[in-house]
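As provided, upload-v8.txt (compact mmCIF, C-alpha atoms) reads as follows.
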```
# COMPACT_ATOMS: atom_id res chain seq x y z
CA MET Y 1 159.94 88.06 58.08
CA LYS Y 2 161.37 89.82 55.09
CA GLN Y 3 161.20 93.64 55.21
CA ALA Y 4 158.29 94.69 53.03
CA ASP Y 5 159.64 96.12 49.80
CA ALA Y 6 158.58 96.53 46.21
CA ASN Y 7 160.03 93.15 45.19
CA LEU Y 8 157.88 90.87 47.31
CA THR Y 9 155.91 88.17 45.54
CA PRO Y 10 152.14 88.01 46.11
CA GLU Y 11 152.73 85.03 48.41
CA GLU Y 12 155.21 87.05 50.45
CA TRP Y 13 152.77 89.94 50.76
CA GLN Y 14 150.25 87.41 52.09
CA GLN Y 15 152.70 86.57 54.89
CA CYS Y 16 152.96 90.19 56.03
CA ASP Y 17 151.01 91.27 59.09
CA VAL Y 18 148.72 94.30 59.06
CA GLY Y 19 151.38 96.60 60.49
CA GLN Y 20 153.83 95.68 57.73
CA LEU Y 21 151.19 96.12 55.04
CA VAL Y 22 150.16 99.53 56.38
CA GLU Y 23 153.79 100.64 56.54
CA ALA Y 24 154.36 99.43 52.99
CA CYS Y 25 151.26 101.31 51.80
CA LEU Y 26 152.53 104.47 53.45
CA ASP Y 27 155.84 103.89 51.67
CA GLY Y 28 153.99 103.82 48.37
CA HIS Y 29 153.75 100.10 47.60
CA GLY Y 30 150.52 99.54 45.70
CA ALA Y 31 150.91 95.76 46.07
CA ALA Y 32 150.51 96.14 49.84
CA TRP Y 33 147.22 97.98 49.29
CA GLU Y 34 146.02 95.20 47.00
CA GLU Y 35 146.85 92.63 49.70
CA LEU Y 36 144.88 94.63 52.29
CA LEU Y 37 141.97 94.71 49.85
CA ARG Y 38 142.25 90.97 49.31
CA ARG Y 39 142.09 90.32 53.06
CA TYR Y 40 139.22 92.63 53.89
CA GLN Y 41 137.16 92.67 50.67
CA ARG Y 42 134.59 90.16 51.92
CA LEU Y 43 134.17 91.90 55.25
CA ILE Y 44 133.55 95.31 53.67
CA TYR Y 45 131.21 93.99 50.98
CA SER Y 46 129.26 91.57 53.16
CA ILE Y 47 128.06 94.03 55.81
CA PRO Y 48 125.79 96.06 53.47
CA ILE Y 49 124.65 92.86 51.73
CA HIS Y 50 123.67 91.31 55.05
CA ALA Y 51 121.82 94.51 55.89
CA GLY Y 52 119.67 93.93 52.80
CA MET Y 53 121.28 96.42 50.45
CA SER Y 54 121.70 95.79 46.74
CA HIS Y 55 124.99 94.82 45.12
CA ALA Y 56 125.15 98.23 43.44
CA ASP Y 57 124.88 99.95 46.81
CA ALA Y 58 127.29 97.51 48.42
CA ALA Y 59 129.78 98.48 45.68
CA GLU Y 60 129.32 102.16 46.48
CA VAL Y 61 129.78 101.54 50.20
CA PHE Y 62 132.88 99.49 49.37
CA GLN Y 63 134.44 102.36 47.42
CA THR Y 64 133.65 104.94 50.10
CA VAL Y 65 135.10 102.78 52.86
CA CYS Y 66 138.27 102.16 50.83
CA ILE Y 67 138.77 105.89 50.27
CA LYS Y 68 138.40 106.54 53.98
CA LEU Y 69 140.68 103.60 54.78
CA LEU Y 70 143.47 104.95 52.58
CA LYS Y 71 143.33 108.26 54.40
CA LYS Y 72 143.24 106.66 57.83
CA LEU Y 73 145.88 103.99 57.28
CA SER Y 74 148.59 105.45 59.46
CA THR Y 75 146.36 105.09 62.52
CA LEU Y 76 145.31 101.49 61.83
CA ARG Y 77 148.43 99.38 62.23
CA GLU Y 78 146.99 96.53 64.32
CA GLN Y 79 144.72 93.79 62.98
CA GLU Y 80 142.12 94.13 65.71
CA LYS Y 81 141.96 97.91 65.39
CA LEU Y 82 141.72 97.74 61.60
CA ALA Y 83 138.93 95.15 61.62
CA LYS Y 84 136.91 97.15 64.18
CA TRP Y 85 137.37 100.33 62.19
CA ILE Y 86 136.26 98.61 58.97
CA ILE Y 87 133.15 97.18 60.60
CA THR Y 88 132.18 100.50 62.21
CA THR Y 89 132.88 102.58 59.12
CA THR Y 90 131.16 100.18 56.72
CA THR Y 91 128.10 100.10 58.94
CA ARG Y 92 127.98 103.87 59.13
CA GLU Y 93 128.44 104.36 55.37
CA SER Y 94 125.73 101.79 54.65
CA TRP Y 95 123.33 103.70 56.86
CA ARG Y 96 124.27 107.03 55.25
CA LEU Y 97 123.69 105.70 51.76
CA ALA Y 98 120.34 104.27 52.73
CA ARG Y 99 119.25 107.63 54.17
CA ARG Y 100 120.41 109.40 51.02
CA HIS Y 101 118.29 107.05 48.91
CA ARG Y 102 115.31 107.78 51.10
CA ALA Y 103 115.85 111.51 50.64
CA ASP Y 104 115.87 110.92 46.87
CA ARG Y 105 112.86 108.64 47.10
CA THR Y 106 110.58 110.61 44.86
CA SER Y 107 112.99 110.93 41.96
CA ALA Y 108 114.28 107.39 42.47
CA ALA Y 109 110.78 105.97 42.31
CA ALA Y 110 110.13 107.94 39.18
CA LYS Y 111 113.23 106.35 37.62
CA GLY Y 112 112.13 102.91 38.70
CA ASN Y 113 115.12 102.56 40.97
CA ALA Y 114 114.59 99.70 43.38
CA ASP Y 115 117.42 100.78 45.66
CA VAL Y 116 115.21 102.61 48.10
CA TYR Y 117 115.05 100.91 51.41
CA GLU Y 118 112.54 101.06 54.16
CA LEU Y 119 114.69 102.62 56.82
CA LYS Y 120 112.86 100.74 59.50
CA ASP Y 121 114.01 97.50 57.87
CA LEU Y 122 117.58 98.66 57.78
CA ALA Y 123 117.30 100.04 61.29
CA ALA Y 124 116.62 96.48 62.40
CA ARG Y 125 120.07 95.55 61.04
CA LEU Y 126 122.08 98.79 61.26
CA PRO Y 127 123.85 99.93 63.31
CA LEU Y 128 125.14 96.55 64.34
CA GLN Y 129 124.69 95.51 67.93
CA ASP Y 130 127.87 94.96 69.90
CA GLU Y 131 127.42 91.19 69.68
CA GLU Y 132 127.09 91.34 65.91
CA GLN Y 133 130.20 93.50 65.60
CA ILE Y 134 132.09 90.92 67.64
CA ILE Y 135 130.84 88.12 65.39
CA TRP Y 136 132.04 90.01 62.30
CA GLN Y 137 135.43 90.52 63.95
CA ARG Y 138 135.67 86.82 64.84
CA ARG Y 139 134.56 85.90 61.33
CA GLN Y 140 137.38 88.00 59.90
CA ILE Y 141 139.90 86.42 62.27
CA ILE Y 142 138.82 82.97 61.07
CA SER Y 143 139.07 84.00 57.41
CA GLU Y 144 142.63 85.22 57.89
CA ALA Y 145 143.65 82.13 59.85
CA VAL Y 146 142.18 79.81 57.21
CA ALA Y 147 143.99 81.74 54.48
CA ALA Y 148 147.25 81.08 56.34
CA LEU Y 149 146.79 77.28 56.34
CA ASN Y 150 148.54 75.04 53.82
CA ASP Y 151 146.72 74.49 50.52
CA LYS Y 152 145.16 71.15 51.44
CA CYS Y 153 143.79 72.32 54.79
CA ARG Y 154 142.69 75.68 53.43
CA ASP Y 155 140.72 74.06 50.61
CA LEU Y 156 139.13 71.45 52.88
CA ILE Y 157 138.17 73.85 55.69
CA THR Y 158 136.77 76.29 53.14
CA LEU Y 159 134.57 73.64 51.54
CA LEU Y 160 133.45 72.20 54.88
CA PHE Y 161 132.68 75.43 56.73
CA LEU Y 162 132.96 78.52 54.56
CA SER Y 163 131.34 77.48 51.33
CA ALA Y 164 127.88 78.83 50.54
CA ASP Y 165 126.81 75.64 48.75
CA GLU Y 166 127.71 73.30 51.67
CA PRO Y 167 129.01 70.37 49.59
CA SER Y 168 128.64 66.82 50.87
CA TYR Y 169 131.64 64.68 51.75
CA GLU Y 170 131.21 62.89 48.41
CA GLU Y 171 131.31 66.19 46.52
CA ILE Y 172 134.31 67.31 48.52
CA SER Y 173 136.07 64.02 47.80
CA GLU Y 174 135.55 64.59 44.09
CA ARG Y 175 136.50 68.26 44.06
CA LEU Y 176 139.68 67.79 46.07
CA GLN Y 177 140.54 64.38 44.64
CA MET Y 178 140.67 63.08 48.22
CA PRO Y 179 139.56 59.58 49.32
CA LEU Y 180 136.21 59.79 51.07
CA SER Y 181 137.54 57.92 54.10
CA SER Y 182 140.33 60.42 54.61
CA ILE Y 183 138.09 63.49 54.84
CA GLY Y 184 137.21 62.92 58.50
CA PRO Y 185 140.78 62.46 59.76
CA THR Y 186 142.11 65.27 57.57
CA ARG Y 187 139.33 67.55 58.81
CA ALA Y 188 140.39 66.84 62.40
CA ARG Y 189 144.08 67.50 61.69
CA CYS Y 190 143.33 70.71 59.82
CA LEU Y 191 141.03 71.96 62.56
CA GLU Y 192 143.76 71.28 65.13
CA LYS Y 193 146.13 73.41 63.04
CA LEU Y 194 143.52 76.11 62.69
CA LYS Y 195 142.83 76.00 66.43
CA LYS Y 196 146.53 76.64 67.08
CA LYS Y 197 146.54 79.61 64.69
CA LEU Y 198 143.47 81.01 66.40
CA ALA Y 199 144.82 80.53 69.93
CA GLY Y 200 144.43 83.72 71.90
CA LYS Y 201 142.46 85.41 69.14
CA PHE Y 202 139.27 83.40 69.09
CA MET K 1 146.61 63.22 83.79
CA GLY K 2 143.36 62.51 85.68
CA ASP K 3 141.26 59.37 85.18
CA MET K 4 138.68 61.34 83.25
CA GLU K 5 141.22 62.71 80.82
CA LYS K 6 142.77 59.29 80.29
CA GLU K 7 139.48 58.36 78.64
CA CYS K 8 139.33 61.52 76.57
CA VAL K 9 137.73 61.25 73.19
CA SER K 10 139.93 61.89 70.20
CA PHE K 11 139.18 65.02 68.28
CA GLU K 12 137.93 63.26 65.16
CA PRO K 13 135.15 61.18 66.80
CA LEU K 14 134.23 64.22 68.93
CA LEU K 15 133.75 66.22 65.73
CA ASP K 16 131.66 63.40 64.23
CA TYR K 17 129.54 63.35 67.37
CA LEU K 18 128.99 67.11 67.28
CA ASP K 19 128.15 66.90 63.58
CA LYS K 20 125.71 64.06 64.29
CA ARG K 21 127.61 61.71 62.04
CA ILE K 22 127.74 58.80 64.50
CA SER K 23 125.14 56.85 66.36
CA GLY K 24 124.69 53.88 68.62
CA ALA K 25 127.18 52.84 71.25
CA GLU K 26 129.89 55.26 70.16
CA GLN K 27 127.49 58.20 70.34
CA GLN K 28 126.36 57.15 73.83
CA HIS K 29 129.97 56.75 74.99
CA ILE K 30 130.92 60.26 73.87
CA ALA K 31 127.73 61.74 75.35
CA ALA K 32 128.50 60.08 78.67
CA HIS K 33 132.08 61.31 78.60
CA LEU K 34 130.97 64.89 77.99
CA ALA K 35 128.38 64.55 80.74
CA SER K 36 131.21 63.60 83.10
CA ARG K 37 132.42 67.20 82.71
CA CYS K 38 135.83 66.38 81.28
CA ALA K 39 137.34 69.84 81.05
CA ARG K 40 139.50 69.09 78.04
CA CYS K 41 136.72 67.62 75.92
CA LEU K 42 134.25 70.29 76.98
CA ALA K 43 136.72 72.98 75.95
CA ARG K 44 137.18 71.36 72.56
CA ARG K 45 133.45 70.96 72.17
CA ASN K 46 132.83 74.62 73.04
CA TRP K 47 135.54 75.74 70.65
CA TYR K 48 134.04 73.78 67.78
CA VAL K 49 130.51 74.99 68.51
CA ASP K 50 131.74 78.62 68.60
CA PHE K 51 133.67 78.07 65.41
CA LYS K 52 130.69 76.63 63.54
CA GLN K 53 128.37 79.37 64.74
CA THR K 54 130.78 82.05 63.60
CA THR K 55 131.35 80.48 60.20
CA GLN K 56 127.62 80.38 59.59
CA LEU K 57 127.95 84.10 58.92
CA ALA K 58 128.48 83.77 55.19
CA THR K 59 130.59 86.39 53.50
CA VAL K 60 130.15 87.64 49.96
CA GLU K 61 132.96 88.28 47.55
CA PRO K 62 132.69 91.57 45.66
CA PRO K 63 132.77 91.50 41.85
CA ASP K 64 136.16 91.94 40.18
CA TRP K 65 135.32 95.41 38.90
CA VAL K 66 134.67 96.62 42.46
CA LEU K 67 138.10 95.39 43.53
CA ARG K 68 139.85 96.85 40.50
CA ARG K 69 138.23 100.21 41.10
CA ALA K 70 139.32 100.15 44.73
CA ALA K 71 142.87 99.14 43.77
CA ARG K 72 143.10 102.19 41.47
CA LEU K 73 142.27 104.41 44.42
CA PHE K 74 145.77 103.95 45.75
CA GLU K 75 147.48 106.28 43.31
CA THR K 76 144.59 108.75 43.21
CA VAL K 77 144.27 109.20 46.95
CA ARG K 78 148.03 109.20 47.47
CA ARG K 79 148.41 111.91 44.84
CA ASP K 80 145.80 114.01 46.61
CA GLU K 81 147.40 113.37 50.01
CA THR K 82 150.83 114.34 48.64
CA ALA K 83 149.34 117.61 47.43
CA VAL K 84 147.99 118.19 50.92
CA THR K 85 151.30 117.48 52.58
CA ARG K 86 152.99 120.00 50.30
CA LEU K 87 150.87 122.68 51.92
CA VAL K 88 152.60 122.18 55.26
CA GLN K 89 156.05 123.00 53.91
CA GLY K 90 155.93 126.67 54.69
CA VAL K 91 154.57 126.36 58.20
CA ALA K 92 157.93 126.05 59.94
CA GLN K 93 157.80 128.36 62.91
CA LEU K 94 160.93 129.99 64.29
CA LEU K 95 160.94 129.39 68.02
CA PHE K 96 164.36 130.74 68.90
CA ASP K 97 167.09 132.78 67.25
CA SER K 98 170.23 133.32 69.29
CA PHE K 99 170.96 136.50 67.36
CA ALA K 100 167.58 137.93 68.34
CA GLN K 101 167.83 136.70 71.92
CA PRO K 102 171.50 136.77 72.90
CA LEU K 103 172.59 135.24 76.16
CA ALA K 104 172.24 137.67 79.07
CA GLY K 105 175.30 139.86 79.55
CA ARG K 106 176.87 139.01 76.21
CA ARG K 107 176.70 140.93 73.00
CA ALA K 108 176.20 138.64 70.03
CA MET K 109 179.29 138.78 67.80
CA PRO K 110 179.22 137.86 64.13
CA SER K 111 181.94 135.31 64.77
CA MET K 112 179.77 133.42 67.24
CA GLY K 113 177.65 130.60 66.00
CA ARG K 114 174.01 131.26 65.47
CA GLN K 115 171.41 128.90 66.84
CA LEU K 116 167.99 128.64 65.30
CA LEU K 117 165.22 126.41 66.55
CA TYR K 118 162.20 125.67 64.37
CA ALA K 119 158.99 123.78 64.97
CA VAL K 120 157.25 122.23 62.00
CA GLU K 121 154.51 119.61 62.18
CA ALA K 122 155.52 116.96 64.75
CA PHE K 123 159.21 117.89 64.58
CA ASN K 124 161.72 120.33 65.96
CA VAL K 125 164.72 121.30 63.86
CA ASP K 126 167.74 122.60 65.74
CA LEU K 127 170.25 124.44 63.55
CA GLN K 128 173.71 125.77 64.31
CA ILE K 129 175.37 128.10 61.82
CA THR K 130 179.08 128.61 62.30
CA GLY K 131 181.90 130.30 60.48
CA ALA K 132 179.65 132.78 58.73
CA THR K 133 182.18 135.60 58.74
CA GLY K 134 183.62 135.28 55.29
CA ALA K 135 182.33 133.85 52.09
CA ASN K 136 181.25 130.49 53.47
CA ALA K 137 179.43 129.05 56.47
CA ASN K 138 178.84 125.65 58.02
CA LEU K 139 175.41 124.40 58.91
CA TYR K 140 174.90 121.69 61.49
CA GLY K 141 171.38 120.48 62.15
CA GLN K 142 169.38 117.93 64.04
CA ILE K 143 165.76 116.99 63.53
CA LEU K 144 163.87 115.56 66.47
CA SER K 145 160.39 114.09 66.62
CA VAL K 146 158.20 115.39 69.42
CA ALA K 147 156.07 112.24 69.14
CA GLU K 148 158.89 109.75 69.64
CA ALA K 149 161.50 109.25 72.33
CA GLY K 150 163.99 107.63 69.97
CA PHE K 151 165.33 108.49 66.56
CA ALA K 152 163.75 105.91 64.27
CA SER K 153 161.56 108.43 62.45
CA VAL K 154 164.37 110.95 61.88
CA ALA K 155 167.16 108.63 60.72
CA ASP K 156 168.27 108.49 57.09
CA LEU K 157 166.09 111.33 55.86
CA GLU K 158 167.02 113.29 52.76
CA VAL K 159 167.96 116.93 53.46
CA LYS K 160 168.15 119.45 50.64
CA LEU K 161 169.60 122.93 50.65
CA SER K 162 168.19 125.08 47.88
CA ARG K 163 168.78 128.64 46.79
CA GLY K 164 166.65 130.61 44.43
CA GLY K 165 164.60 127.54 43.67
CA LYS K 166 167.63 125.52 42.64
CA LEU K 167 169.10 122.60 44.54
CA TYR K 168 172.44 123.57 46.05
CA GLN K 169 173.47 120.59 48.15
CA THR K 170 171.90 117.45 49.48
CA THR K 171 172.74 115.11 52.33
CA ARG K 172 171.05 112.61 54.65
CA THR K 173 170.50 112.53 58.39
CA ASN K 174 172.46 110.03 60.44
CA ALA K 175 171.04 107.61 63.01
CA LEU K 176 170.46 110.51 65.43
CA GLY K 177 168.75 112.78 62.91
CA GLU K 178 171.87 114.93 62.51
CA PHE K 179 173.13 116.43 59.30
CA THR K 180 175.86 118.80 58.18
CA PHE K 181 176.53 121.11 55.27
CA THR K 182 180.05 122.54 55.13
CA GLU K 183 181.57 125.39 53.20
CA VAL K 184 178.21 126.68 52.07
CA ARG K 185 178.38 130.01 50.26
CA CYS K 186 176.83 132.66 52.47
CA ASP K 187 173.33 133.42 51.28
CA THR K 188 169.72 132.81 52.20
CA TYR K 189 168.52 129.28 51.60
CA GLU K 190 165.56 127.00 51.79
CA LEU K 191 166.08 123.83 53.82
CA GLY K 192 163.91 120.86 52.96
CA ILE K 193 163.72 117.61 54.95
CA ALA K 194 161.75 114.65 53.56
CA ALA K 195 160.29 113.15 56.73
CA LYS K 196 157.84 110.26 56.74
CA ASN K 197 154.74 111.33 54.79
CA VAL K 198 155.47 115.05 55.24
CA GLN K 199 157.85 117.45 53.56
CA LEU K 200 159.35 119.87 56.06
CA THR K 201 160.51 123.19 54.70
CA ILE K 202 162.30 126.03 56.40
CA ALA K 203 162.25 129.04 54.13
CA ASP K 204 164.58 132.06 54.30
CA LEU K 205 167.30 130.30 56.26
CA PRO K 206 170.02 132.91 56.80
CA LEU K 207 173.47 131.46 56.25
CA THR K 208 174.85 134.98 56.34
CA PRO K 209 177.03 137.05 58.64
CA LYS K 210 175.04 139.11 61.10
CA ASN K 211 175.23 142.79 60.23
```
File written out as structure tokens:
Amino acid sequence: MKQADANLTPEEWQQCDVGQLVEACLDGHGAAWEELLRRYQRLIYSIPIHAGMSHADAAEVFQTVCIKLLKKLSTLREQEKLAKWIITTTTRESWRLARRHRADRTSAAAKGNADVYELKDLAARLPLQDEEQIIWQRRQIISEAVAALNDKCRDLITLLFLSADEPSYEEISERLQMPLSSIGPTRARCLEKLKKKLAGKF
Amino acid sequence: MGDMEKECVSFEPLLDYLDKRISGAEQQHIAAHLASRCARCLARRNWYVDFKQTTQLATVEPPDWVLRRAARLFETVRRDETAVTRLVQGVAQLLFDSFAQPLAGRRAMPSMGRQLLYAVEAFNVDLQITGATGANANLYGQILSVAEAGFASVADLEVKLSRGGKLYQTTRTNALGEFTFTEVRCDTYELGIAAKNVQLTIADLPLTPKN
């Protein structure tokens, strides 16, 4: 693995592990920070959304978590530790923001702001139970492993399992310009490759 | 390979079975094989079931402006952090001065080297000043990390010797964190070492003959 330096291409940054990216960030490489954001953006943004918060609030949580992450980077050099920290911190910041909205309820209501949550509703989703935290961690592990597949497998696995619109095989065949009859066998081969990447982590 | 595993189902038809994409005789065959408790096929089945359950947790991509704003944080937060680290420059603490604590039974002579030991952040800086009897002195130093048994964090660091706010000489530590300044005009200096993410500063370093 090439030593992380300022001259890496985006593809080369994508090959770096978390420890290398953190080290590169601490050395002042903004591209390493952008790669960390690319890897963890969905995780950070999705937790408040799944808790029922608005996109505006999810954006605020996202920014707060990123600020805290930048300051904590030197202590988060392993993938598992980083993912756990992100999940815990994002959950906590989501809860804090929701409580702040509640405290501002009167003025917010007067402004017609809909971002005031019933805390009891959020309390049903935050803080996350241990099992839910584990699922988020496993979800992140899968995302990173899929991103590391070759283009064909990455695109197919994403459409089959990670796509919100759940396309049919016919739609997938058209989108990927792949014969319909080859989707099944290719799916199996790609899942075998993914299974190998996930060995020991999932 | 046991008899059961000789009849193992290939991964592709197993996936079709689990996705309910097959029926009839083939479906019954695979169901029967799984019911026979074939360890290999059960493990693959369990893996796929776990995988599908986990991927049902849909993730949401943030808008571009959210990402751009977060990307800009890098320079802002780093600038603030750098300002914070500058505050620790002057906190070097003198732990030992051989001129203040001479060895028992010996009077410290100006011609003897002077040893100074400083602690600053997670580092110790050991300094030896020799030859400070005339116009010039030699400074030998070694920086050691208290958090690390080896020398990785103290190798190849920039070391600056400044006087009156102006840079006098600069050098770099070797693989053992050692550095040397020779023939330095006797005076009081500031020694700066650029360690990882922290600027170490020893102010009022006396490269002077002891009176």
Per residue of chain Y within 8 Å of chain K, what are the shortest atom pair and its distance in Å to one decimal, counting all atoms listed in the file, with rows by chain and residue number, as CSV?
```
residue,atom,partner,partner_atom,distance
Y:Leu26,CA,K:Asn197,CA,7.3
Y:Gly30,CA,K:Phe74,CA,6.5
Y:Trp33,CA,K:Phe74,CA,7.1
Y:Glu34,CA,K:Ala71,CA,6.0
Y:Leu37,CA,K:Leu67,CA,7.4
Y:Gln41,CA,K:Pro62,CA,6.8
Y:Arg42,CA,K:Glu61,CA,5.0
Y:Leu43,CA,K:Thr59,CA,6.8
Y:Tyr45,CA,K:Pro62,CA,6.0
Y:Ser46,CA,K:Val60,CA,5.1
Y:Ile49,CA,K:Val60,CA,7.8
Y:Ala59,CA,K:Val66,CA,6.1
Y:Phe62,CA,K:Val66,CA,7.7
Y:Gln63,CA,K:Ala70,CA,6.0
Y:Cys66,CA,K:Ala70,CA,6.5
Y:Ile67,CA,K:Leu73,CA,7.0
Y:Leu70,CA,K:Val77,CA,7.1
Y:Lys71,CA,K:Val77,CA,7.6
Y:Ile135,CA,K:Thr54,CA,6.3
Y:Trp136,CA,K:Leu57,CA,7.9
Y:Arg138,CA,K:Thr54,CA,6.9
Y:Arg139,CA,K:Thr54,CA,5.9
Y:Ile142,CA,K:Thr55,CA,7.9
Y:Phe161,CA,K:Thr55,CA,6.3
Y:Leu162,CA,K:Thr55,CA,6.2
Y:Ser163,CA,K:Ala58,CA,7.9
Y:Ala164,CA,K:Ala58,CA,6.8
Y:Gly184,CA,K:Glu12,CA,6.7
Y:Pro185,CA,K:Glu12,CA,6.2
Y:Arg187,CA,K:Glu12,CA,7.8
Y:Ala188,CA,K:Glu12,CA,5.1
```
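Relative to CA of Phe96 (chain K), CA of Gln199 (chain K) is found at 21.3 Å.
Remark: for Phe202 (chain Y), the closest of the candidate residues K:Val125, K:Asn46, K:Val120, K:Ala92 is K:Asn46 (distances computed over only C-alpha atoms).
Closest approach to Val159 (chain K) among K:Gly113, K:Gly134, K:Gly192, K:Gly177: K:Gly192, based on only C-alpha atoms.
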Hey, which of Y:Gln15, Y:Thr186, Y:Ser54, Y:Thr91 ends up closest to Leu36 (chain Y)? Count all atoms listed in the file.
-> Y:Gln15
Could you please fill out region 13-29 of chain Y with N, CA and C atoms and send it back as a PDB file, in the coordinates of the input?
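Writing done, so here's rebuild26.pdb:
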```
ATOM      1  N   TRP Y  13     153.660  88.910  50.216  1.00  0.00           N
ATOM      2  CA  TRP Y  13     152.770  89.940  50.760  1.00  0.00           C
ATOM      3  C   TRP Y  13     151.718  89.297  51.663  1.00  0.00           C
ATOM      4  N   GLN Y  14     151.267  88.088  51.283  1.00  0.00           N
ATOM      5  CA  GLN Y  14     150.250  87.410  52.090  1.00  0.00           C
ATOM      6  C   GLN Y  14     150.776  87.033  53.467  1.00  0.00           C
ATOM      7  N   GLN Y  15     152.113  86.918  53.605  1.00  0.00           N
ATOM      8  CA  GLN Y  15     152.700  86.570  54.890  1.00  0.00           C
ATOM      9  C   GLN Y  15     152.867  87.794  55.805  1.00  0.00           C
ATOM     10  N   CYS Y  16     152.735  88.979  55.241  1.00  0.00           N
ATOM     11  CA  CYS Y  16     152.960  90.190  56.030  1.00  0.00           C
ATOM     12  C   CYS Y  16     151.794  90.422  56.994  1.00  0.00           C
ATOM     13  N   ASP Y  17     152.100  90.928  58.189  1.00  0.00           N
ATOM     14  CA  ASP Y  17     151.010  91.270  59.090  1.00  0.00           C
ATOM     15  C   ASP Y  17     150.471  92.660  58.736  1.00  0.00           C
ATOM     16  N   VAL Y  18     149.394  93.044  59.410  1.00  0.00           N
ATOM     17  CA  VAL Y  18     148.720  94.300  59.060  1.00  0.00           C
ATOM     18  C   VAL Y  18     149.664  95.485  59.208  1.00  0.00           C
ATOM     19  N   GLY Y  19     150.452  95.489  60.279  1.00  0.00           N
ATOM     20  CA  GLY Y  19     151.380  96.600  60.490  1.00  0.00           C
ATOM     21  C   GLY Y  19     152.362  96.755  59.343  1.00  0.00           C
ATOM     22  N   GLN Y  20     152.880  95.633  58.853  1.00  0.00           N
ATOM     23  CA  GLN Y  20     153.830  95.680  57.730  1.00  0.00           C
ATOM     24  C   GLN Y  20     153.134  96.152  56.457  1.00  0.00           C
ATOM     25  N   LEU Y  21     151.914  95.707  56.254  1.00  0.00           N
ATOM     26  CA  LEU Y  21     151.190  96.120  55.040  1.00  0.00           C
ATOM     27  C   LEU Y  21     150.885  97.619  55.087  1.00  0.00           C
ATOM     28  N   VAL Y  22     150.463  98.103  56.254  1.00  0.00           N
ATOM     29  CA  VAL Y  22     150.160  99.530  56.380  1.00  0.00           C
ATOM     30  C   VAL Y  22     151.418 100.351  56.121  1.00  0.00           C
ATOM     31  N   GLU Y  23     152.512  99.925  56.726  1.00  0.00           N
ATOM     32  CA  GLU Y  23     153.790 100.640  56.540  1.00  0.00           C
ATOM     33  C   GLU Y  23     154.179 100.653  55.068  1.00  0.00           C
ATOM     34  N   ALA Y  24     154.009  99.520  54.411  1.00  0.00           N
ATOM     35  CA  ALA Y  24     154.360  99.430  52.990  1.00  0.00           C
ATOM     36  C   ALA Y  24     153.448 100.325  52.149  1.00  0.00           C
ATOM     37  N   CYS Y  25     152.181 100.402  52.512  1.00  0.00           N
ATOM     38  CA  CYS Y  25     151.260 101.310  51.800  1.00  0.00           C
ATOM     39  C   CYS Y  25     151.738 102.749  51.962  1.00  0.00           C
ATOM     40  N   LEU Y  26     152.092 103.100  53.192  1.00  0.00           N
ATOM     41  CA  LEU Y  26     152.530 104.470  53.450  1.00  0.00           C
ATOM     42  C   LEU Y  26     153.831 104.777  52.718  1.00  0.00           C
ATOM     43  N   ASP Y  27     154.602 103.720  52.435  1.00  0.00           N
ATOM     44  CA  ASP Y  27     155.840 103.890  51.670  1.00  0.00           C
ATOM     45  C   ASP Y  27     155.590 103.884  50.159  1.00  0.00           C
ATOM     46  N   GLY Y  28     154.328 103.717  49.777  1.00  0.00           N
ATOM     47  CA  GLY Y  28     153.990 103.820  48.370  1.00  0.00           C
ATOM     48  C   GLY Y  28     153.891 102.527  47.601  1.00  0.00           C
ATOM     49  N   HIS Y  29     153.820 101.391  48.295  1.00  0.00           N
ATOM     50  CA  HIS Y  29     153.750 100.100  47.600  1.00  0.00           C
ATOM     51  C   HIS Y  29     152.305  99.721  47.330  1.00  0.00           C
TER      52      HIS Y  29
END
```
